[in-house]
Amino acid sequence: MNEELIISGRENLMVDPHLHIWHWPIPLYLFLGGLAAGVLFFAALYYLMGKENEYRSAVRRVPFIAPIALVIGLAALFYDLRHKAFFWQLYTTIRLESPMSWGAWTLLVITTASFIWCALHIREFFPNWDWKYNWLKELEVFFNKYKKHLAWVILIFAIITGVYTGILLSAFNARPLWNTSVLGPLFLASGLSAGAAAIVLASKNREERLLFTKIDLIILGVELFLIVHMFMGFLASTQVQIEAAGLFLGGEYTMVFWIFVVIIGIIIPGVLDLMELRGRHIPAVIPGVLVLFGSLMFRFVFVFAGQVSRWLY
Amino acid sequence: MATRRQFIRISAMGAGAVMAGAAGLRLLASEITDGRKASYVALTGRTPTYCEVCFWKCAGWVYKDEKGSIKKIIGNSEDQNCNGRFCPRGTGGVGMYHDEDRLKTPLIRTEERGKQSFREASWEEAFDYIAEKIKVISAEHGPECIALFTHGSGGKYFSTLLKAMGSPHIAAPSYAQCRGPREVAFQATFGETIESPERTDIRDTRCLVLIGSHLGENMHNGQVQEMSDAIDKGASIITVDPRFSTVAGKSKFWLPIKPATDLALLLAWINVIINEELYDKAYVEKYTYGFEYLKAHVKNMTPEWAYGITTIDPTMIRETAREMANAAPAVIVHPGRHVTWYGDDTQRLRAVAILNALLGSWGRRGGFYRPESFELPEPVHPPYPTPKRSWRTEFPDLYKMADTVLANGLCDATIPDPSRHCQFQGWIVNGTNLIETLPNQENTLKAIQALQLLVVIDTMPMEITGWADVVLPECTYLERFDDIRVGPHRRPQIALRAPAAEPMYDTRPAFWMARELAKRLDLIDYFPFEKLEDQLDWQLKQVGSSLEEMMRIGVKTFDRSYDDLYFAPDEDVEFYTPTGKIELYSTSLEEAGYDPLPKYTAHEEPPPGFYRLNYGRAPMHTFSRTSNNPNLTDLMDENSVWVNPRVAKEWGLSTGQYIHLVNQDGKRSEFPIKVRVTERIRWDSVYMVHGFGHDDKRLRRCYGKGASDTNLITKVHVDPVMGGTGMRGNFVTFVTDLSGEEVMS
Amino acid sequence: MRYAMAIDTKKCVGCSDCVVACQTENNVPIGYCRDWVVEVMDGTYPQLEVELRSERCNHCENAPCVRCCPTGASHIVDGGIVLVTPNKCIGCGACIASCPYDARYPHPKGYVDKCTFCIHRVNQGMKPACVSVCPTKCMYFGDLDDPNSEVSIVLKKRKSKTLIPEAGTKPHLYFLI
Ligand SMILES: Nc1nc2c(c(=O)[nH]1)N[C@H]1C(S)=C(S)[C@@H](COP(=O)(O)OP(=O)(O)OC[C@H]3O[C@@H](n4cnc5c(=O)[nH]c(N)nc54)[C@H](O)[C@@H]3O)O[C@H]1N2
Ligand SMILES: Nc1nc2c(c(=O)[nH]1)N[C@H]1C(S)=C(S)[C@@H](COP(=O)(O)OP(=O)(O)OC[C@H]3O[C@@H](n4cnc5c(=O)[nH]c(N)nc54)[C@H](O)[C@@H]3O)O[C@H]1N2
Ligand code: SF4
Ligand code: SF4
Ligand code: SF4
Ligand code: SF4
Ligand code: SF4
Ligand SMILES: [Mo]
């Protein structure tokens with residue numbers, strides 16, 4: 001028999017009996033960040049491809065989700081900080097080794113950019129909008145002039161944000177479940193599919209819907225591939241990672257992961273997307289909502305399970 | 001050359017002469033004095049103290065933070081008991097002071113005993129109540145019918161009070177529930193006792209034999225420190241314990257003995273050491289008496305014989321005997337401390353003493369050194385009246401070797417019984433939680449219910465306070481002066497305890513309480529100093545120190561007065577036994593009608609489905625006194641019952657599960673206890689740490705946490721030689737159905 | 001200068017004095033701790049072995065907690081001691097998640113706290129509180145760059161190990177085995 005005990009009664013808050021320092025705000029924040037990144041990515045992409053008018057929802061309307069999502073996400077993040085009064089310290093330094101640090105700066109940029117983008121398209125929702133002050137009007141003119149540059153900034157920072165939501169976790173060598181290079185692309189993919197799903201949900205244009213259904217399907221396929229890849233990587237790795245993967249392969253997170261994330265969040269919407277593309281009419285809400293739900297669950301499951309996984313010594 | 005005994009007598013007389021002048025300091029106060037404010041030297045950064053979390057009494061320094069609140073306690077590096085390092089309990093002693101569940105005011109009971117209904121009272125009221133009752137009992141039954149149970153510093157002052165009243169009945173649980181058998185056995189063998197701190201020269205030993213002495217869990221500081229030094233120096237440790245104790249994990253040999261059979265192993269060791277002529281011949285020749293009797297006695301007690309009893313492999317017995325002999329005389333067969341196990345404990349400890357004598361370790365470096373205490377003059381007071389009755393008359397022909405009053409004896413003699421002459425009517429209980437301390441709780445409660453007066457002096461609302469008529473809240477050791485610590489060690493040393501803070505709440509030191517009571521009983525002459533600090537200053541000045549000096553240094557070391565730590569080569573040593581020799585064959589036991597040589601007798605074994613209840617210490621707690629301590633409960637807040645995996649499988653038990661234990665008499669543990677499935681315990685026993693399972697709700701942190709071993713010790717095997725209460729002959733089984741029960745975790 | 005600590009698992013008795021001493025020295029609130037004691041037991045009765053380890057922050061040379069800190073609150077000072085500046089810490093928890101040894105905890109005041117190697121004592125020439133209280137004297141502290149420091153000497157004399165060396169953190173907490 002082997003017995004390993006902490007005999008000094010340690011019970012540090014949020015650390016024992018296993019790490020639980022991050023609660024719902026973090027996965028919510030990661031989800032909203034990913035969603036915003038996905039939405040903005042497509043907006044900037046199709047704008048730059050000159051498809052602003054074909055895919056009007058994607059470029060001009062759906063991006064309005066982004067600043068809202070980002071603000072809520074940041075609020076959640078702020079809520080989860082335990083030394084809030086010192087929040088500003090984030091912006092006194094840039095520490096490239098710290099995903100949290102460059103993530104904070106990235107979010108600052110992309111949130112600002114997303115606000116500007118929406119401001120430029122505000123008349124989609126309020127046709128008679130008037131900027132009242134002259135300097136605001138001048139700003140609008142200025143950004144319209146440099147809208148391409150702005151789109152490039154958004155495109156790049158959307159990718160960074162999407163990847164960041166994954167790297168934030170994968171940088172933690174200490175948590176074997178997070179410590180895989182697949183997590184960055186996987187979270188990016190998940191964010192993009194959430195973005196695509198949001199566009200499908202919002203778009204009234206059949207062509208646009210079909211395009212994003214297709215994109216969604218491809219990304220879901222990529223996600224599935226990455227998940228398989230991730231497990232193979234874990235199982236071929238050290239004992240700690242095998243144990244970490246075990247959380248999803250018979251361990252306590254098995255059910256939630258396979259049912260909510262994989263089946264409900266990827267496979268079923270994938271099949272529905274496929275059916276839609278084959279001409280069967282599926283109400284767009286169903287796969288869209290499932291994908292968003294799956295993407296959210298994915299963050300929750302990963303953030304929580306990752307905190308349970310640990311080194312053995 | 002003066003013998004040691006004469007020397008002590010002379011020095012005591014000398015001190016008496018010096019003090020005669022002190023009578024002038026006597027104060028006759030009639031009004032209640034303020035016991036709160038101590039007039040001590042202005043406090044600088046640190047205050048000297050000695051620890052009261054256990055009875056090792058380490059000396060240290062109390063530090064306060066910027067706000068003046070007690071922050072930490074650090075060992076005094078001059079102190080021999082601790083060498084500048086406290087144990088976890090001593091370090092956590094701050095928690096005793098900060099514990100918000102402390103007793104805060106005097107309490108007087110308002111309903112029947114045990115009902116826990118009290119009202120807050122003023123000190124005057126409380127003292128008047130007690131004095132009144134004492135007067136009534138003394139008048140009706142004689143002052144001898146008042147008994148004092150005490151464990152801890154304040155006992156000194158209540159002892160004075162009792163003796164002044166004319167009662168000799170002062171008992172401590174550290175005798176008949178603890179180390180009594182070893183003191184009697186060593187007294188009978190070497191003419192001297194072991195005392196506390198033990199005179200074991202562990203730091204220089206080459207072989208340390210621990211028989212159920214779980215040093216490292218038993219955190220008696222100096223011994224643990226010296227054991228570590230010995231490990232560093234390459235000493236070998238032999239541990240005899242049915243449980244894989246912490247120290248078993250550090251031992252060269254671990255003998256996983258079948259419980260209750262140690263005496264057979266000891267006799268077999270003696271057999272090997274004699275047969276293989278491994279004993280110290282010159283030493284045995286020069287110093288001992290009765291070797292031939294011993295030799296004949298153990299002739300057939302071979303390792304093979306012991307194997308059948310102890311389950312210890314005969315080669316292992318031989319090998320370990322040789323290991324000891326190789327190290328001799330720098331070998332210690334440790335006498336243990338809590339040795340009241342199976343009722344034949346004095347005889348087991350006699351075997352330990354004999355083994356040490358054969359190895360020549362008594363009086364030798366790395367064996368047992370000769371300790372020396374410091375003598376301080378006592379203040380002068382009128383002679384104590386001679387008591388008219390003694391507890392002994394209640395136990396004719398029993399416990400004849402007991403050299404002090406038995407706590408369990410007093411308890412038994414309190415229970416109404418027509419055959420008793422002196423039925424005790426009043427108890428004063430200071431610093432001992434008798435409910436958890438004496439085995440057979442039912443018996444204790446029966447006695448308590450028969451009392452006219454039960455006064456409890458304590459710092460915490462422990463179980464015993466719930467039964468009291470009057471509870472007097474003492475301030476903690478960090479808030480008071482106490483007597484100078486003079487205890488024995490390699491060099492005579494004294495240590496001061498001074499208050500680091502004023503008493504919190506309406507609490508007071510024991511000295512003041514005893515003196516206030518003395519006033520009301522017209523016994524103030526026995527307390528000539530109004531303030532303890534004045535008495536200490538006076539005492540210290542008699543020996544060339546002063547309170548002022550001790551406040552600065554905390555600990556003062558003196559030169560040894562006459563002899564060396566060890567016997568000189570060929571020294572003629574007079575032992576204080578009837579023969580003047582080390583008595584391998586005990587003439588004093590023989591005269592009293594007991595076996596002069598230890599005999600093995602078999603003990604009862606657990607019935608099927610039952611397991612022997614084994615208990616012991618956790619390094620971070622002292623009995624029940626620390627179980628509500630915020631700093632220490634942080635380390636361990638409940639005990640668990642250790643169960644061997646084989647047994648666990650049979651019963652379907654798993655680690656973390658809560659169960660009840662039920663003993664052979666159907667007594668069920670009051671609270672559930674958590675299971676720990678571990679290979680560290682044998683399949684015929686279970687193990688738990690003593691001191692948990694408190695049932696007084698006022699102890700908010702520890703109420704209902706874990707189970708109490710005392711609860712399950714209903715069968716007591718009393719040692720006929722000295723009255724020790726053998727507590728390890730109880731057996732328990734498991735109850736796993738806890739439906740409808742609330743677990744406090 | 002590279003401060004390090006070595007703990008003799010052969011002498012440690014698991015008493016947890018190091019934990020209480022740290023609490024009282026460093027005002028670690030009740031319910032929290034900067035150090036803790038682990039017991040590892042192996043075997044079948046009566047063939048048993050046990051290892052006792054007093055653990056704390058390893059003051060890693062390659063400290064992931066410092067790398068992931070977004071504000072620079074977690075930093076390394078002279079002697080290789082890893083510290084947290086409370087007024088720079090935002091309480092994001094990244095460092096807690098990044099420590100493979102779970103050596104950090106959120107202080108109830110919001111910032112993250114951990115073992116400081118008692119730098120306030122060490123700078124005054126004293127030993128860390130845990131080291132100076134340990135009744136078995138099984139803890140050694142000093143400068144690895146000084147061959148005469150007690151930690152260098154004992155590490156030379158005895159076999160030792162660090163925890164999770166494969167995590168690549170280069171711990172400065174050694175266990176004598
Ligand atoms: N079942 C069982 N019984 C045992 C033992 C066992 O292991 N198991 N061990 C036995 C042994 S070895 C011994 S020595 C005895 C010990 O027995 P006790 O000395 O009775 O031990 P505690 O239970 O700690 O009780 C001490 C009491 O003193 C109080 N106290 C603490 N500090 C102060 C103070 O400064 N002033 C006052 N007035 N009170 C204070 C505490 O609150 C507590 O109520 O128990 C014996 N009984
Ligand atoms: N931390 C801490 N330290 C303490 C105390 C405390 O409360 N807490 N109390 C102090 C006091 S007053 C005392 S008296 C001492 C007591 O401490 P010790 O005298 O060292 O210990 P015991 O309580 O007699 O014994 C407990 C050990 O005996 C073993 N044992 C049980 N049955 C048998 C048997 O049949 N044979 C053998 N060989 N071993 C057996 C148990 O497995 C356990 O390891 O501790 C002192 N030190
Ligand atoms: S051994 Fe520990 S509890 Fe006992 S007196 Fe010393 S420091 Fe205090
Ligand atoms: S104080 Fe020393 S012996 Fe006790 S647990 Fe800590 S390291 Fe081990
Ligand atoms: S042990 Fe943990 S907290 Fe300490 S330096 Fe290493 S990673 Fe950082
Ligand atoms: S919690 Fe504080 S110390 Fe830790 S990473 Fe965040 S800011 Fe840095
Ligand atoms: S070095 Fe200081 S801070 Fe670190 S564990 Fe020891 S006592 Fe605590
Ligand atoms: Mo004891």
# chains A, B, ... in the order shown; residues from 1 in each chain; ligands from 1

$ select_by_dssp --residues "region 25-136 of chain C" --states "helix (DSSP H, G or I)" --output "NGL selection string"
:C and (25-26 or 64-68 or 86-88 or 94-98 or 119-122 or 129-133)

$ interface_residues --of "chain B" --to "chain C" --cutoff "8 Å" --atoms "only C-alpha atoms" --output "ChimeraX atom specification"
/B:71-72,74-75,84-89,91-92,216-217,219,221,224-229,231,244,246-247,249-250,256,619-620,630-632,634-635,679-682

$ residues_around --residues "Ala44 (chain A)" --least-positions-apart "2" --cutoff "9 Å" --atoms "only C-alpha atoms" --output "list in words"
Val39, Leu40, Phe41, Phe42, Tyr46, Tyr47, Leu48, Met49, Ala58, Val59, Lys148, Leu150, Ala151, Trp152, Val153, Ile154, Leu155 and Ala158 of chain A

$ write_last_selection --atoms "N, CA, C and O atoms" --output "PDB file, in the first residue's frame"
ATOM      1  N   VAL A  39     -15.875  36.585 -34.078  1.00  0.00           N
ATOM      2  CA  VAL A  39     -16.759  37.521 -34.766  1.00  0.00           C
ATOM      3  C   VAL A  39     -15.948  38.596 -35.488  1.00  0.00           C
ATOM      4  O   VAL A  39     -16.149  38.896 -36.666  1.00  0.00           O
ATOM      5  N   LEU A  40     -14.969  39.158 -34.762  1.00  0.00           N
ATOM      6  CA  LEU A  40     -14.172  40.242 -35.337  1.00  0.00           C
ATOM      7  C   LEU A  40     -13.284  39.744 -36.463  1.00  0.00           C
ATOM      8  O   LEU A  40     -13.044  40.433 -37.454  1.00  0.00           O
ATOM      9  N   PHE A  41     -12.807  38.498 -36.290  1.00  0.00           N
ATOM     10  CA  PHE A  41     -11.968  37.916 -37.323  1.00  0.00           C
ATOM     11  C   PHE A  41     -12.718  37.875 -38.644  1.00  0.00           C
ATOM     12  O   PHE A  41     -12.228  38.333 -39.679  1.00  0.00           O
ATOM     13  N   PHE A  42     -13.937  37.347 -38.605  1.00  0.00           N
ATOM     14  CA  PHE A  42     -14.694  37.235 -39.864  1.00  0.00           C
ATOM     15  C   PHE A  42     -15.057  38.611 -40.410  1.00  0.00           C
ATOM     16  O   PHE A  42     -15.006  38.846 -41.612  1.00  0.00           O
ATOM     17  N   TYR A  46     -13.712  39.499 -44.077  1.00  0.00           N
ATOM     18  CA  TYR A  46     -14.571  39.707 -45.242  1.00  0.00           C
ATOM     19  C   TYR A  46     -14.583  41.166 -45.673  1.00  0.00           C
ATOM     20  O   TYR A  46     -14.778  41.475 -46.844  1.00  0.00           O
ATOM     21  N   TYR A  47     -14.342  42.039 -44.758  1.00  0.00           N
ATOM     22  CA  TYR A  47     -14.211  43.444 -45.146  1.00  0.00           C
ATOM     23  C   TYR A  47     -12.987  43.590 -46.060  1.00  0.00           C
ATOM     24  O   TYR A  47     -13.057  44.176 -47.134  1.00  0.00           O
ATOM     25  N   LEU A  48     -11.880  42.996 -45.607  1.00  0.00           N
ATOM     26  CA  LEU A  48     -10.644  43.141 -46.374  1.00  0.00           C
ATOM     27  C   LEU A  48     -10.742  42.426 -47.717  1.00  0.00           C
ATOM     28  O   LEU A  48     -10.110  42.792 -48.699  1.00  0.00           O
ATOM     29  N   MET A  49     -11.590  41.359 -47.752  1.00  0.00           N
ATOM     30  CA  MET A  49     -11.777  40.650 -49.007  1.00  0.00           C
ATOM     31  C   MET A  49     -12.762  41.397 -49.912  1.00  0.00           C
ATOM     32  O   MET A  49     -13.085  40.938 -50.996  1.00  0.00           O
ATOM     33  N   ALA A  58     -22.068  39.699 -41.246  1.00  0.00           N
ATOM     34  CA  ALA A  58     -20.768  39.344 -40.688  1.00  0.00           C
ATOM     35  C   ALA A  58     -19.899  40.575 -40.511  1.00  0.00           C
ATOM     36  O   ALA A  58     -19.201  40.721 -39.503  1.00  0.00           O
ATOM     37  N   VAL A  59     -19.916  41.472 -41.475  1.00  0.00           N
ATOM     38  CA  VAL A  59     -19.007  42.607 -41.422  1.00  0.00           C
ATOM     39  C   VAL A  59     -19.575  43.766 -40.607  1.00  0.00           C
ATOM     40  O   VAL A  59     -18.858  44.402 -39.843  1.00  0.00           O
ATOM     41  N   LYS A 148      -9.259  50.344 -43.599  1.00  0.00           N
ATOM     42  CA  LYS A 148      -8.481  49.157 -43.986  1.00  0.00           C
ATOM     43  C   LYS A 148      -7.426  48.837 -42.932  1.00  0.00           C
ATOM     44  O   LYS A 148      -7.261  47.697 -42.515  1.00  0.00           O
ATOM     45  N   LEU A 150      -7.491  49.743 -39.927  1.00  0.00           N
ATOM     46  CA  LEU A 150      -8.206  49.297 -38.726  1.00  0.00           C
ATOM     47  C   LEU A 150      -8.567  47.822 -38.864  1.00  0.00           C
ATOM     48  O   LEU A 150      -8.392  47.034 -37.930  1.00  0.00           O
ATOM     49  N   ALA A 151      -9.043  47.436 -40.034  1.00  0.00           N
ATOM     50  CA  ALA A 151      -9.433  46.042 -40.252  1.00  0.00           C
ATOM     51  C   ALA A 151      -8.234  45.116 -40.083  1.00  0.00           C
ATOM     52  O   ALA A 151      -8.349  44.033 -39.506  1.00  0.00           O
ATOM     53  N   TRP A 152      -7.097  45.572 -40.591  1.00  0.00           N
ATOM     54  CA  TRP A 152      -5.896  44.741 -40.403  1.00  0.00           C
ATOM     55  C   TRP A 152      -5.563  44.582 -38.921  1.00  0.00           C
ATOM     56  O   TRP A 152      -5.249  43.484 -38.464  1.00  0.00           O
ATOM     57  N   VAL A 153      -5.633  45.685 -38.226  1.00  0.00           N
ATOM     58  CA  VAL A 153      -5.367  45.612 -36.772  1.00  0.00           C
ATOM     59  C   VAL A 153      -6.326  44.617 -36.129  1.00  0.00           C
ATOM     60  O   VAL A 153      -5.939  43.736 -35.349  1.00  0.00           O
ATOM     61  N   ILE A 154      -7.605  44.739 -36.499  1.00  0.00           N
ATOM     62  CA  ILE A 154      -8.597  43.849 -35.893  1.00  0.00           C
ATOM     63  C   ILE A 154      -8.320  42.395 -36.261  1.00  0.00           C
ATOM     64  O   ILE A 154      -8.354  41.501 -35.402  1.00  0.00           O
ATOM     65  N   LEU A 155      -8.002  42.174 -37.509  1.00  0.00           N
ATOM     66  CA  LEU A 155      -7.741  40.806 -37.954  1.00  0.00           C
ATOM     67  C   LEU A 155      -6.608  40.173 -37.138  1.00  0.00           C
ATOM     68  O   LEU A 155      -6.741  39.085 -36.578  1.00  0.00           O
ATOM     69  N   ALA A 158      -7.484  39.890 -33.470  1.00  0.00           N
ATOM     70  CA  ALA A 158      -8.493  38.852 -33.238  1.00  0.00           C
ATOM     71  C   ALA A 158      -7.818  37.488 -33.163  1.00  0.00           C
ATOM     72  O   ALA A 158      -8.135  36.664 -32.295  1.00  0.00           O
TER      73      ALA A 158
END

$ atom_distance --atom1 "CA of Val716 (chain B)" --atom2 "CA of His694 (chain B)"
21.4 Å

$ residues_near_ligand --ligand "ligand 2" --cutoff "6 Å" --atoms "only C-alpha atoms and all ligand atoms" --output "JSON, numbers by chain"
{"B": [178, 211, 212, 213, 214, 215, 217, 218, 219, 220, 240, 241, 242, 243, 245, 259, 260, 262, 336, 337, 338, 339, 614, 616, 617, 618, 619, 620, 621, 622, 623]}

$ residues_around --residues "region 198-203 of chain B" --least-positions-apart "6" --cutoff "12 Å" --atoms "only C-alpha atoms" --output "MDAnalysis selection string"
(chainID B and resid 55:56 81 179 182:183 186 192 209:210 215 220:237 329:337 356 361:373 487:491 565:566) or (chainID C and resid 136)

$ residues_around --residues "region 434-437 of chain B" --least-positions-apart "3" --cutoff "10 Å" --atoms "only C-alpha atoms" --output "ChimeraX atom specification"
/B:149-150,173-174,177,407-408,411,429-431,440-445,448,462-467,623-624,690-694,708-711

$ residues_near_ligand --ligand "ligand 6" --cutoff "7 Å" --atoms "only C-alpha atoms and all ligand atoms" --output "list in words"
Cys65, Cys68, Cys69, Pro70, Thr71, Gly72, Ala73, Ser74, Val84, Lys88, Cys89, Ile90, Gly91, Cys92, Gly93, Ala94, Cys95, Ile96, Tyr111 and Val112 of chain C

$ write_last_selection --atoms "N, CA, C and O atoms" --output "PDB file, in the first residue's frame"
ATOM      1  N   CYS C  65       6.184  30.920 -11.849  1.00  0.00           N
ATOM      2  CA  CYS C  65       5.297  31.896 -11.213  1.00  0.00           C
ATOM      3  C   CYS C  65       5.731  33.309 -11.524  1.00  0.00           C
ATOM      4  O   CYS C  65       4.918  34.218 -11.656  1.00  0.00           O
ATOM      5  N   CYS C  68       4.933  34.045 -15.322  1.00  0.00           N
ATOM      6  CA  CYS C  68       3.556  34.261 -15.745  1.00  0.00           C
ATOM      7  C   CYS C  68       2.926  35.484 -15.094  1.00  0.00           C
ATOM      8  O   CYS C  68       1.808  35.847 -15.420  1.00  0.00           O
ATOM      9  N   CYS C  69       3.633  36.109 -14.168  1.00  0.00           N
ATOM     10  CA  CYS C  69       3.008  37.240 -13.458  1.00  0.00           C
ATOM     11  C   CYS C  69       2.880  38.447 -14.378  1.00  0.00           C
ATOM     12  O   CYS C  69       3.870  38.924 -14.923  1.00  0.00           O
ATOM     13  N   PRO C  70       1.674  38.960 -14.568  1.00  0.00           N
ATOM     14  CA  PRO C  70       1.475  40.030 -15.536  1.00  0.00           C
ATOM     15  C   PRO C  70       1.956  41.401 -15.068  1.00  0.00           C
ATOM     16  O   PRO C  70       2.080  42.303 -15.872  1.00  0.00           O
ATOM     17  N   THR C  71       2.195  41.544 -13.777  1.00  0.00           N
ATOM     18  CA  THR C  71       2.525  42.886 -13.295  1.00  0.00           C
ATOM     19  C   THR C  71       3.947  42.991 -12.786  1.00  0.00           C
ATOM     20  O   THR C  71       4.402  44.084 -12.463  1.00  0.00           O
ATOM     21  N   GLY C  72       4.629  41.883 -12.674  1.00  0.00           N
ATOM     22  CA  GLY C  72       5.950  41.926 -12.072  1.00  0.00           C
ATOM     23  C   GLY C  72       5.899  41.897 -10.563  1.00  0.00           C
ATOM     24  O   GLY C  72       6.913  42.076  -9.893  1.00  0.00           O
ATOM     25  N   ALA C  73       4.705  41.651 -10.019  1.00  0.00           N
ATOM     26  CA  ALA C  73       4.606  41.535  -8.552  1.00  0.00           C
ATOM     27  C   ALA C  73       5.463  40.377  -8.060  1.00  0.00           C
ATOM     28  O   ALA C  73       6.162  40.478  -7.056  1.00  0.00           O
ATOM     29  N   SER C  74       5.412  39.262  -8.789  1.00  0.00           N
ATOM     30  CA  SER C  74       6.282  38.131  -8.458  1.00  0.00           C
ATOM     31  C   SER C  74       7.628  38.388  -9.101  1.00  0.00           C
ATOM     32  O   SER C  74       7.694  38.631 -10.307  1.00  0.00           O
ATOM     33  N   VAL C  84       6.818  38.216  -3.613  1.00  0.00           N
ATOM     34  CA  VAL C  84       5.650  38.885  -4.175  1.00  0.00           C
ATOM     35  C   VAL C  84       5.550  40.269  -3.533  1.00  0.00           C
ATOM     36  O   VAL C  84       5.639  40.391  -2.308  1.00  0.00           O
ATOM     37  N   LYS C  88       1.761  45.369  -5.866  1.00  0.00           N
ATOM     38  CA  LYS C  88       1.816  45.253  -7.318  1.00  0.00           C
ATOM     39  C   LYS C  88       0.938  44.099  -7.771  1.00  0.00           C
ATOM     40  O   LYS C  88       0.673  43.922  -8.961  1.00  0.00           O
ATOM     41  N   CYS C  89       0.537  43.284  -6.808  1.00  0.00           N
ATOM     42  CA  CYS C  89      -0.204  42.071  -7.152  1.00  0.00           C
ATOM     43  C   CYS C  89      -1.679  42.401  -7.354  1.00  0.00           C
ATOM     44  O   CYS C  89      -2.283  43.098  -6.544  1.00  0.00           O
ATOM     45  N   ILE C  90      -2.246  41.889  -8.446  1.00  0.00           N
ATOM     46  CA  ILE C  90      -3.662  42.159  -8.709  1.00  0.00           C
ATOM     47  C   ILE C  90      -4.540  40.981  -8.264  1.00  0.00           C
ATOM     48  O   ILE C  90      -5.750  41.017  -8.387  1.00  0.00           O
ATOM     49  N   GLY C  91      -3.883  39.927  -7.797  1.00  0.00           N
ATOM     50  CA  GLY C  91      -4.656  38.770  -7.329  1.00  0.00           C
ATOM     51  C   GLY C  91      -5.282  37.969  -8.448  1.00  0.00           C
ATOM     52  O   GLY C  91      -6.357  37.391  -8.283  1.00  0.00           O
ATOM     53  N   CYS C  92      -4.594  37.924  -9.583  1.00  0.00           N
ATOM     54  CA  CYS C  92      -5.172  37.216 -10.733  1.00  0.00           C
ATOM     55  C   CYS C  92      -5.074  35.706 -10.578  1.00  0.00           C
ATOM     56  O   CYS C  92      -5.805  34.967 -11.224  1.00  0.00           O
ATOM     57  N   GLY C  93      -4.140  35.248  -9.765  1.00  0.00           N
ATOM     58  CA  GLY C  93      -4.034  33.811  -9.529  1.00  0.00           C
ATOM     59  C   GLY C  93      -3.192  33.059 -10.538  1.00  0.00           C
ATOM     60  O   GLY C  93      -3.008  31.845 -10.412  1.00  0.00           O
ATOM     61  N   ALA C  94      -2.659  33.770 -11.535  1.00  0.00           N
ATOM     62  CA  ALA C  94      -1.878  33.069 -12.557  1.00  0.00           C
ATOM     63  C   ALA C  94      -0.690  32.340 -11.937  1.00  0.00           C
ATOM     64  O   ALA C  94      -0.389  31.189 -12.273  1.00  0.00           O
ATOM     65  N   CYS C  95      -0.027  33.000 -10.989  1.00  0.00           N
ATOM     66  CA  CYS C  95       1.152  32.387 -10.385  1.00  0.00           C
ATOM     67  C   CYS C  95       0.767  31.157  -9.574  1.00  0.00           C
ATOM     68  O   CYS C  95       1.527  30.187  -9.512  1.00  0.00           O
ATOM     69  N   ILE C  96      -0.407  31.190  -8.973  1.00  0.00           N
ATOM     70  CA  ILE C  96      -0.844  30.045  -8.178  1.00  0.00           C
ATOM     71  C   ILE C  96      -1.039  28.849  -9.108  1.00  0.00           C
ATOM     72  O   ILE C  96      -0.603  27.741  -8.820  1.00  0.00           O
ATOM     73  N   TYR C 111      -3.905  39.812  -2.052  1.00  0.00           N
ATOM     74  CA  TYR C 111      -2.692  39.502  -2.814  1.00  0.00           C
ATOM     75  C   TYR C 111      -2.293  38.050  -2.590  1.00  0.00           C
ATOM     76  O   TYR C 111      -2.858  37.353  -1.752  1.00  0.00           O
ATOM     77  N   VAL C 112      -1.306  37.644  -3.363  1.00  0.00           N
ATOM     78  CA  VAL C 112      -0.852  36.260  -3.231  1.00  0.00           C
ATOM     79  C   VAL C 112       0.328  36.211  -2.281  1.00  0.00           C
ATOM     80  O   VAL C 112       1.175  37.112  -2.271  1.00  0.00           O
TER      81      VAL C 112
END

$ residues_near_ligand --ligand "ligand 7" --cutoff "6 Å" --atoms "only C-alpha atoms and all ligand atoms" --output "PyMOL selection string"
chain C and resi 22+34-35+56+115-118+128-130

$ residues_around --residues "Pro185 (chain A)" --least-positions-apart "5" --cutoff "10 Å" --atoms "only C-alpha atoms" --output "PyMOL selection string"
chain A and resi 162-167+190-191+222-223+226

$ atom_distance --atom1 "CA of Pro596 (chain B)" --atom2 "CA of Ala264 (chain B)"
16.3 Å
